[in-house]
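Notes follow the structure.
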6 protein chains.
Amino acid sequence: MTLRIFVINPNSSQAVTDHIRRELERVKRPDTELTVVNPQHGPASIESQYDRELVKPHVLDLVRRANDEGYDVAIIACFSDPGLDASREISSIPVIGIEESTLHVAAMLGHRFSPVTAFPKHVPTRDLHVRMGGFEHAYASTLITGMSVLDMEADPTTTKGRILAEARRAVAEDGAEVIVLGCAGLSGYAKDIERELGVVVLDPTAVALKVAETFADLGLRHSKIARFATPPAKEIR
Amino acid sequence: MTLRIFVINPNSSQAVTDHIRRELERVKRPDTELTVVNPQHGPASIESQYDRELVKPHVLDLVRRANDEGYDVAIIACFSDPGLDASREISSIPVIGIEESTLHVAAMLGHRFSPVTAFPKHVPTRDLHVRMGGFEHAYASTLITGMSVLDMEADPTTTKGRILAEARRAVAEDGAEVIVLGCAGLSGYAKDIERELGVVVLDPTAVALKVAETFADLGLRHSKIARFATPPAKEIR
Amino acid sequence: MTLRIFVINPNSSQAVTDHIRRELERVKRPDTELTVVNPQHGPASIESQYDRELVKPHVLDLVRRANDEGYDVAIIACFSDPGLDASREISSIPVIGIEESTLHVAAMLGHRFSPVTAFPKHVPTRDLHVRMGGFEHAYASTLITGMSVLDMEADPTTTKGRILAEARRAVAEDGAEVIVLGCAGLSGYAKDIERELGVVVLDPTAVALKVAETFADLGLRHSKIARFATPPAKEIR
Amino acid sequence: MTLRIFVINPNSSQAVTDHIRRELERVKRPDTELTVVNPQHGPASIESQYDRELVKPHVLDLVRRANDEGYDVAIIACFSDPGLDASREISSIPVIGIEESTLHVAAMLGHRFSPVTAFPKHVPTRDLHVRMGGFEHAYASTLITGMSVLDMEADPTTTKGRILAEARRAVAEDGAEVIVLGCAGLSGYAKDIERELGVVVLDPTAVALKVAETFADLGLRHSKIARFATPPAKEIR
Amino acid sequence: MTLRIFVINPNSSQAVTDHIRRELERVKRPDTELTVVNPQHGPASIESQYDRELVKPHVLDLVRRANDEGYDVAIIACFSDPGLDASREISSIPVIGIEESTLHVAAMLGHRFSPVTAFPKHVPTRDLHVRMGGFEHAYASTLITGMSVLDMEADPTTTKGRILAEARRAVAEDGAEVIVLGCAGLSGYAKDIERELGVVVLDPTAVALKVAETFADLGLRHSKIARFATPPAKEIR
Amino acid sequence: MTLRIFVINPNSSQAVTDHIRRELERVKRPDTELTVVNPQHGPASIESQYDRELVKPHVLDLVRRANDEGYDVAIIACFSDPGLDASREISSIPVIGIEESTLHVAAMLGHRFSPVTAFPKHVPTRDLHVRMGGFEHAYASTLITGMSVLDMEADPTTTKGRILAEARRAVAEDGAEVIVLGCAGLSGYAKDIERELGVVVLDPTAVALKVAETFADLGLRHSKIARFATPPAKEIR
């Protein structure tokens with residue numbers, strides 16, 4: 001039976017959406033059918049809590065569309081899972097966050113993990129998400145490229161060098177055994193870094209896709225008792 | 001010198017806004033000038049994470065207005081602080097959340113506190129916010145009225161009886177010493193409950209107003225280094 | 001491409017092995033090939049830490065066999081994951097524990113989970129494993145059937161009634177949203193309990209199988225840097 | 001209406017008392033009337049747990065005096081809050097600790113805070129107080145001047161240089177966004193450090209005064225149910 | 001070689017001192033020589049944080065005497081260890097707290113422990129000390145006799161019945177496996193309760209004495225690097 | 001009355017057993033009678049979780065022998081306490097682990113402790129044991145000699161130099177006040193390191209012996225209610 005999975009790139013960049021689609025086409029099962037979309041409006045990249053708030057209403061619209069069009073699972077494909085809890089409230093199909101699902105997988109693969117992020121100012125968000133997910137015991141450190149998402153895409157050689165250097169330090173000093181590529185566009189480096197450092201490197205979008213397939217196979221749904229209970233119907237002005 | 005404080009009721013109910021204004025006028029300092037507003041759009045009450053996501057863009061617009069119009073402090077007057085972190089990012093004046101500030105005050109007034117909420121399905125949100133704020137050691141339990149916000153307003157006698165019964169149980173069984181009235185409209189009962197049970201009862205909107213005055217007096221600003229760093233300017237489609 | 005998954009029932013009961021095989025045949029993907037085995041020696045059921053120590057050398061032998069015979073993933077199919085860490089040390093293929101993998105999935109499906117166990121004396125083990133895995137924030141309570149594994153198999157009607165009663169209480173009082181069937185042989189009740197209570201009910205063996213497929217699809221291996229480093233070769237007297 | 005606030009400098013140094021009075025006169029509200037006192041006996045500075053035990057009976061005597069003389073709030077103005085819990089037991093007016101209240105405010109102003117202390121041997125006390133207050137998640141590190149309180153007062157240039165250097169390092173390496181000046185006499189540097197580093201710098205005595213005003217405005221009292229219950233009357237030999 | 005152990009009953013009751021001496025004479029090693037003393041001044045019983053502050057200067061005087069008179073170890077024999085940290089600062093011999101040492105032993109003897117206390121208002125102190133010592137994972141609950149220390153001594157039959165009933169409930173509901181008799185005068189019941197309930201019952205004074213002998217045998221001293229560093233010499237007015 | 005203590009060296013090295021016996025003969029009480037044994041089979045050193053699983057069945061056999069031959073206490077003398085929980089289940093005499101008992105003593109002697117281990121790959125085990133024992137608040141860091149157990153024995157001068165250098169760093173940077181010699185054979189250096197650095201240095205085997213004497217003196221047994229309940233009798237194939 002064909003699984004139909006709806007992947008939401010929360011930013012409005014068609015290029016990122018295309019990139020995610022290409023990556024996921026490589027790891028999906030043959031019987032999985034992917035739709036990868038992005039909102040027409042909102043910021044083209046997500047680099048702050050403010051950007052996240054702006055994309056959430058669009059994410060919610062797309063989650064509703066995934067439900068209306070009969071998809072089996074929806075994935076929010078931005079490493080901070082914007083709108084995840086609210087999406088689960090309004091959805092009767094499972095909604096997967098790429099950060100949440102990847103941190104759970106990372107915690108099973110080694111003693112501690114280190115997510116990659118762009119700038120030091122993003123560290124508090126990583127800390128907070130780790131703490132809310134209950135991963136303090138498995139959190140080594142945050143790797144910082146010091147380059148914007150755009151710059152990382154424009155200069156892959158420098159990017160890879162930065163990640164390698166940071167990962168090497170995290171393995172030696174922070175006890176990192178798993179590296180989580182916290183930004184889209186980095187997935188191409190995973191195998192090289194694994195080979196050079198002996199660490200496990202995870203691409204969150206790919207991990208989330210396989211978790212989505214697992215949820216669909218098992219017929220899993222989020223509990224609707226309390227945390228993800230369907231919101232009361234009400235008039236919105 | 002006059003302090004100018006901008007209070008945002010995140011739901012679109014003018015009645016709630018008026019209620020908040022009346023309550024705050026009673027506790028504000030003589031030299032504090034209050035503006036209490038609500039968005040024109042969005043849900044009239046906030047009872048889910050979904051509702052919270054819908055109001056956040058409106059809250060952000062109003063926080064920007066508070067900055068543009070030269071207010072000294074802004075307060076988000078809904079007990080779950082929707083949009084607090086993003087608001088601080090885009091604001092150069094302090095932004096106070098009524099839940100965050102009240103839990104800090106509650107933790108100074110007794111061994112453990114218990115917030116009041118409407119239904120069991122709201123307990124996970126209380127748990128998560130307590131954990132996010134680092135208050136696990138001071139969290140007794142959640143008191144549940146079993147009545148909607150509307151019903152609580154319509155039937156004050158039953159409401160007060162429910163809160164009293166729940167608070168009595170929390171004091172006896174959960175070690176509660178402080179009760180936090182987690183919904184607007186409940187503040188009228190504070191003194192009665194304090195008298196009957198000997199607990200401390202906090203009205204979050206009032207507490208937040210005084211914390212706002214404190215921040216203004218001391219010239220405090222949120223650190224803009226990382227967690228609340230100003231978002232990069234970008235085109236929003 | 002065919003996945004070959006090696007499932008280890010750590011106790012020496014052929015009947016339990018057959019039961020696990022039947023259950024997993026129903027949920028496996030068509031292209032997954034299952035081998036389900038048990039050790040020839042050791043206890044026929046695992047009800048103490050002592051029983052667990054007795055089965056671990058046998059589990060390790062079988063994990064080695066899975067490696068030698070070219071399987072893609074090995075699963076330890078007993079809800080306490082006996083020998084999991086040591087297995088990962090001696091294995092170059094991934095080794096999945098049904099408890100560890102199921103608690104990670106449970107934590108994504110609702111606010112808190114409650115595993116089912118036989119007797120009160122098993123609660124400390126549940127507590128310790130929850131703490132070891134970093135799941136304190138997602139742990140509601142333990143459901144106790146008060147029946148031995150043998151009695152549960154012999155009297156399904158009473159068993160189901162006990163689980164239902166305990167789960168109902170855990171939902172109402174402990175905030176449980178997900179029930180984890182911590183003993184093999186209980187999986188038949190999952191759908192009925194879900195229907196009656198609205199909770200999510202997880203069968204750990206099935207969950208582990210899908211996680212195993214995910215690990216194989218993504219080519220994931222455990223990090224061999226430190227926690228699961230290959231043991232130094234040495235003479236064993 | 002005039003607020004009457006009683007500030008207790010727990011050490012016996014009149015110079016420190018005068019310094020605190022001058023600082024607080026600058027931040028108090030016009031309608032706040034301050035009395036700042038110190039015990040006649042006890043150590044002239046507080047640099048150990050032993051010193052703290054010696055000053056506590058004197059602090060308790062002064063808290064009793066604040067109650068007897070009808071003050072609205074008492075403040076214990078030493079950054080370790082000696083005698084805070086016992087003071088609240090014997091007091092019917094609120095008693096504010098400058099460390100406790102400042103850490104709560106610090107936790108609202110940035111991701112993590114770093115208190116300044118004199119010597120490495122004081123770090124355990126900072127750690128313990130952070131842990132007992134539930135602030136682990138918000139604790140960046142401790143800044144060490146390496147100078148005694150006396151030396152810091154005698155050589156402000158060196159002191160400020162040391163704090164600046166330590167704060168710069170804490171911002172870069174420990175994620176500090178808020179600096180807490182844990183010793184009296186340092187408050188003069190706050191604005192300069194804020195300007196140079198962009199961090200928020202808090203003067204605990206000033207923060208505590210504003211929290212005291214807040215408590216008085218709202219008529220807050222500590223709960224007397226358990227943790228701060230009035231001690232049973234008894235003969236003291 | 002004879003060990004000389006100095007036991008400090010922090011309250012001024014000679015009767016309690018005599019009781020402690022009788023109990024300890026029964027468990028001490030033949031080559032241990034005991035001196036059991038109490039301060040001449042201060043409260044005759046310790047039932048609040050206020051009482052604790054009043055006895056601490058006397059405890060410190062007695063710890064100094066133990067050092068001056070060449071004892072090998074000092075024990076503070078009140079279940080809340082008043083003045084323990086400061087005592088260690090001024091002492092070159094080890095100082096043992098009966099609560100701290102007993103909680104460490106309790107944590108080795110079963111899954112969770114429950115201390116006995118007199119009234120609900122004492123629960124916060126038990127909670128705080130458990131948290132300070134890092135024993136949250138091993139803390140079942142607090143057993144409440146509902147009787148003052150005096151009443152417990154006057155009516156042993158009722159006391160024992162209360163403790164038995166509370167312990168039975170804690171074993172059944174809270175997972176308690178170890179009961180800690182948190183008040184002097186209760187030690188006589190330990191064996192009976194162990195026999196009736198199958199729990200382990202600890203008498204803190206006896207446990208502390210054996211830990212003291214262990215410290216002396218091994219020549220252990222508290223580290224004087226930071227937490228228990230010798231206070232700087234200074235004039236005390 | 002003579003105490004009879006049964007010390008189990010879990011590895012099969014007679015040389016290590018002899019070393020332990022010599023060390024313990026020096027610290028035991030005159031009336032304590034020691035039997036120190038090792039299994040005939042299994043690995044000659046324990047350097048991985050795999051090695052630990054291999055020795056556990058042998059440890060359990062020896063614990064049973066200690067019970068059958070009427071010993072008063074058994075000690076598992078390997079710093080990771082292999083088989084401790086299962087041993088307690090099958091034993092009616094107390095079983096002491098040298099790691100568990102030493103970490104409890106270390107936590108009473110200073111602010112934070114640092115265990116010594118051989119290689120970085122052993123750090124996760126130290127982390128996990130610290131976490132399971134509830135010692136996070138007292139854990140400074142792990143000291144790494146970078147030498148195998150064999151090499152440490154062969155070259156004591158280098159070994160001592162490495163430990164000294166690591167300990168000096170841990171005291172200066174990590175807040176270590178207590179050093180725990182996590183490998184047998186290191187005990188000879190304790191006094192020298194204490195003298196040079198002023199830290200407390202613990203030899204776990206010696207500490208465990210004194211804790212064993214304490215347990216025997218007080219007639220302590222592990223609670224058999226749940227965590228260490230006697231396993232149900234069953235046929236083992």
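Order determines the names: the first chain of the structure tokens is A, the second B, and so forth; residues in each chain are numbered 1 upward, and ligands are numbered 1 upward as they are shown.
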
Show me a table, sorted first by chain and then by increasing residue number, of the residues of chain F having an atom at most 10 Å from chain A, each with its shortest atom pair and the distance in Å to one decimal, counting only C-alpha atoms and written as CSV.
```
residue,atom,partner,partner_atom,distance
F:Pro120,CA,A:Gly175,CA,8.5
F:Lys121,CA,A:Gly175,CA,9.1
F:Val123,CA,A:Gly175,CA,8.2
F:Pro124,CA,A:His111,CA,6.4
F:Thr125,CA,A:His111,CA,9.3
F:Asp127,CA,A:His137,CA,9.0
F:Leu128,CA,A:His137,CA,9.0
F:Arg131,CA,A:His137,CA,8.5
```

Quick one: pick out all helix (DSSP H, G or I) residues within stretch 97-205 of chain F from a backbone DSSP run and write them as a PyMOL selection string.
-> chain F and resi 98-109+120-132+136-138+149-154+156-174+187-197+204-205

Quote the spacing between atom CA of A:Ala226 and atom CA of B:Ser48 in Å to one decimal place.
->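 We find that atom CA of A:Ala226 and atom CA of B:Ser48 lie 9.9 Å from each other.
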
Contacts of F:Ile98 at 9 Å or less, counting only C-alpha atoms, minus same-chain residues fewer than 5 places along, as a JSON list (two decimals) with N, CA, C and O atoms, in the first residue's frame?
```json
[["chain", "number", "residue", "atom", "x", "y", "z"],
["F", 75, "ILE", "N", 31.60, -8.04, 49.39],
["F", 75, "ILE", "CA", 32.01, -6.83, 48.68],
["F", 75, "ILE", "C", 32.36, -7.20, 47.24],
["F", 75, "ILE", "O", 33.08, -8.18, 47.01],
["F", 76, "ILE", "N", 31.83, -6.45, 46.28],
["F", 76, "ILE", "CA", 32.23, -6.63, 44.88],
["F", 76, "ILE", "C", 33.31, -5.58, 44.60],
["F", 76, "ILE", "O", 33.03, -4.38, 44.57],
["F", 77, "ALA", "N", 34.55, -6.04, 44.39],
["F", 77, "ALA", "CA", 35.70, -5.14, 44.40],
["F", 77, "ALA", "C", 36.18, -4.79, 42.99],
["F", 77, "ALA", "O", 37.32, -5.01, 42.63],
["F", 78, "CYS", "N", 35.28, -4.21, 42.22],
["F", 78, "CYS", "CA", 35.64, -3.68, 40.90],
["F", 78, "CYS", "C", 34.88, -2.39, 40.74],
["F", 78, "CYS", "O", 33.67, -2.36, 40.97],
["F", 79, "PHE", "N", 35.57, -1.32, 40.31],
["F", 79, "PHE", "CA", 34.95, 0.00, 40.27],
["F", 79, "PHE", "C", 33.98, 0.13, 39.11],
["F", 79, "PHE", "O", 34.24, 0.78, 38.12],
["F", 80, "SER", "N", 32.87, -0.52, 39.22],
["F", 80, "SER", "CA", 31.71, -0.39, 38.35],
["F", 80, "SER", "C", 30.65, -1.33, 38.88],
["F", 80, "SER", "O", 29.58, -1.45, 38.31],
["F", 81, "ASP", "N", 31.00, -2.00, 39.99],
["F", 81, "ASP", "CA", 30.02, -2.78, 40.76],
["F", 81, "ASP", "C", 29.26, -3.78, 39.89],
["F", 81, "ASP", "O", 28.02, -3.83, 39.93],
["F", 103, "LEU", "N", 31.27, 6.63, 46.20],
["F", 103, "LEU", "CA", 30.69, 7.90, 45.75],
["F", 103, "LEU", "C", 29.85, 8.53, 46.86],
["F", 103, "LEU", "O", 29.84, 9.75, 47.02],
["F", 204, "PRO", "N", 38.67, 3.23, 46.79],
["F", 204, "PRO", "CA", 37.33, 2.64, 46.91],
["F", 204, "PRO", "C", 37.29, 1.30, 47.64],
["F", 204, "PRO", "O", 36.35, 1.02, 48.38],
["F", 205, "THR", "N", 38.31, 0.47, 47.46],
["F", 205, "THR", "CA", 38.26, -0.83, 48.13],
["F", 205, "THR", "C", 38.32, -0.67, 49.64],
["F", 205, "THR", "O", 37.57, -1.32, 50.38],
["F", 206, "ALA", "N", 39.17, 0.23, 50.08],
["F", 206, "ALA", "CA", 39.27, 0.49, 51.52],
["F", 206, "ALA", "C", 37.98, 1.09, 52.06],
["F", 206, "ALA", "O", 37.48, 0.69, 53.12],
["F", 207, "VAL", "N", 37.41, 2.07, 51.33],
["F", 207, "VAL", "CA", 36.16, 2.68, 51.78],
["F", 207, "VAL", "C", 35.07, 1.61, 51.89],
["F", 207, "VAL", "O", 34.33, 1.55, 52.89],
["F", 208, "ALA", "N", 34.99, 0.74, 50.87],
["F", 208, "ALA", "CA", 33.94, -0.27, 50.88],
["F", 208, "ALA", "C", 34.09, -1.22, 52.07],
["F", 208, "ALA", "O", 33.10, -1.65, 52.67],
["F", 209, "LEU", "N", 35.32, -1.54, 52.41],
["F", 209, "LEU", "CA", 35.52, -2.45, 53.55],
["F", 209, "LEU", "C", 34.96, -1.82, 54.83],
["F", 209, "LEU", "O", 34.29, -2.49, 55.62]]
```

9 Å contact set for stretch 187-194 of chain F, only C-alpha atoms, chain neighbours under 5 positions out, as a list of chain:residue names =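 Listed by chain and then number, they are F:Glu23, F:Pro156, F:Lys160, F:Ile163, F:Leu164, F:Ala167, F:Ile179, F:Leu181, F:Val199, F:Val200, F:Val201, F:Leu202, F:Asp203, F:Pro204, F:Thr205, F:Ala206.
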
Selected residues written out with N, CA and C atoms, as a compact mmCIF listing (two decimals), in the first residue's frame:
```
# COMPACT_ATOMS: atom_id res chain seq x y z
N GLU F 23 46.15 -4.75 50.53
CA GLU F 23 45.67 -3.40 50.89
C GLU F 23 44.64 -3.45 52.01
N PRO F 156 54.70 2.82 37.66
CA PRO F 156 54.05 3.64 38.70
C PRO F 156 54.47 5.11 38.66
N LYS F 160 51.65 7.95 38.43
CA LYS F 160 51.43 8.94 39.49
C LYS F 160 51.53 10.36 38.92
N ILE F 163 48.26 11.16 37.11
CA ILE F 163 47.14 11.42 38.02
C ILE F 163 47.32 12.79 38.69
N LEU F 164 48.54 13.07 39.09
CA LEU F 164 48.80 14.37 39.72
C LEU F 164 48.45 15.52 38.78
N ALA F 167 44.68 15.67 38.33
CA ALA F 167 44.01 16.12 39.55
C ALA F 167 44.24 17.61 39.77
N ILE F 179 39.27 13.20 45.02
CA ILE F 179 39.69 12.35 43.90
C ILE F 179 39.38 10.90 44.27
N LEU F 181 40.08 7.09 43.31
CA LEU F 181 40.97 6.24 42.51
C LEU F 181 40.17 5.07 41.97
N VAL F 199 43.84 17.92 48.22
CA VAL F 199 42.53 17.28 48.00
C VAL F 199 42.42 16.07 48.91
N VAL F 200 41.20 15.52 48.95
CA VAL F 200 40.98 14.23 49.60
C VAL F 200 41.07 13.17 48.52
N VAL F 201 41.79 12.09 48.78
CA VAL F 201 41.90 11.01 47.80
C VAL F 201 41.35 9.73 48.42
N LEU F 202 40.42 9.10 47.72
CA LEU F 202 39.77 7.90 48.26
C LEU F 202 40.18 6.66 47.49
N ASP F 203 40.47 5.61 48.25
CA ASP F 203 40.70 4.29 47.68
C ASP F 203 39.41 3.49 47.87
N PRO F 204 38.67 3.23 46.79
CA PRO F 204 37.33 2.64 46.91
C PRO F 204 37.29 1.30 47.64
N THR F 205 38.31 0.47 47.46
CA THR F 205 38.26 -0.83 48.13
C THR F 205 38.32 -0.67 49.64
N ALA F 206 39.17 0.23 50.08
CA ALA F 206 39.27 0.49 51.52
C ALA F 206 37.98 1.09 52.06
```
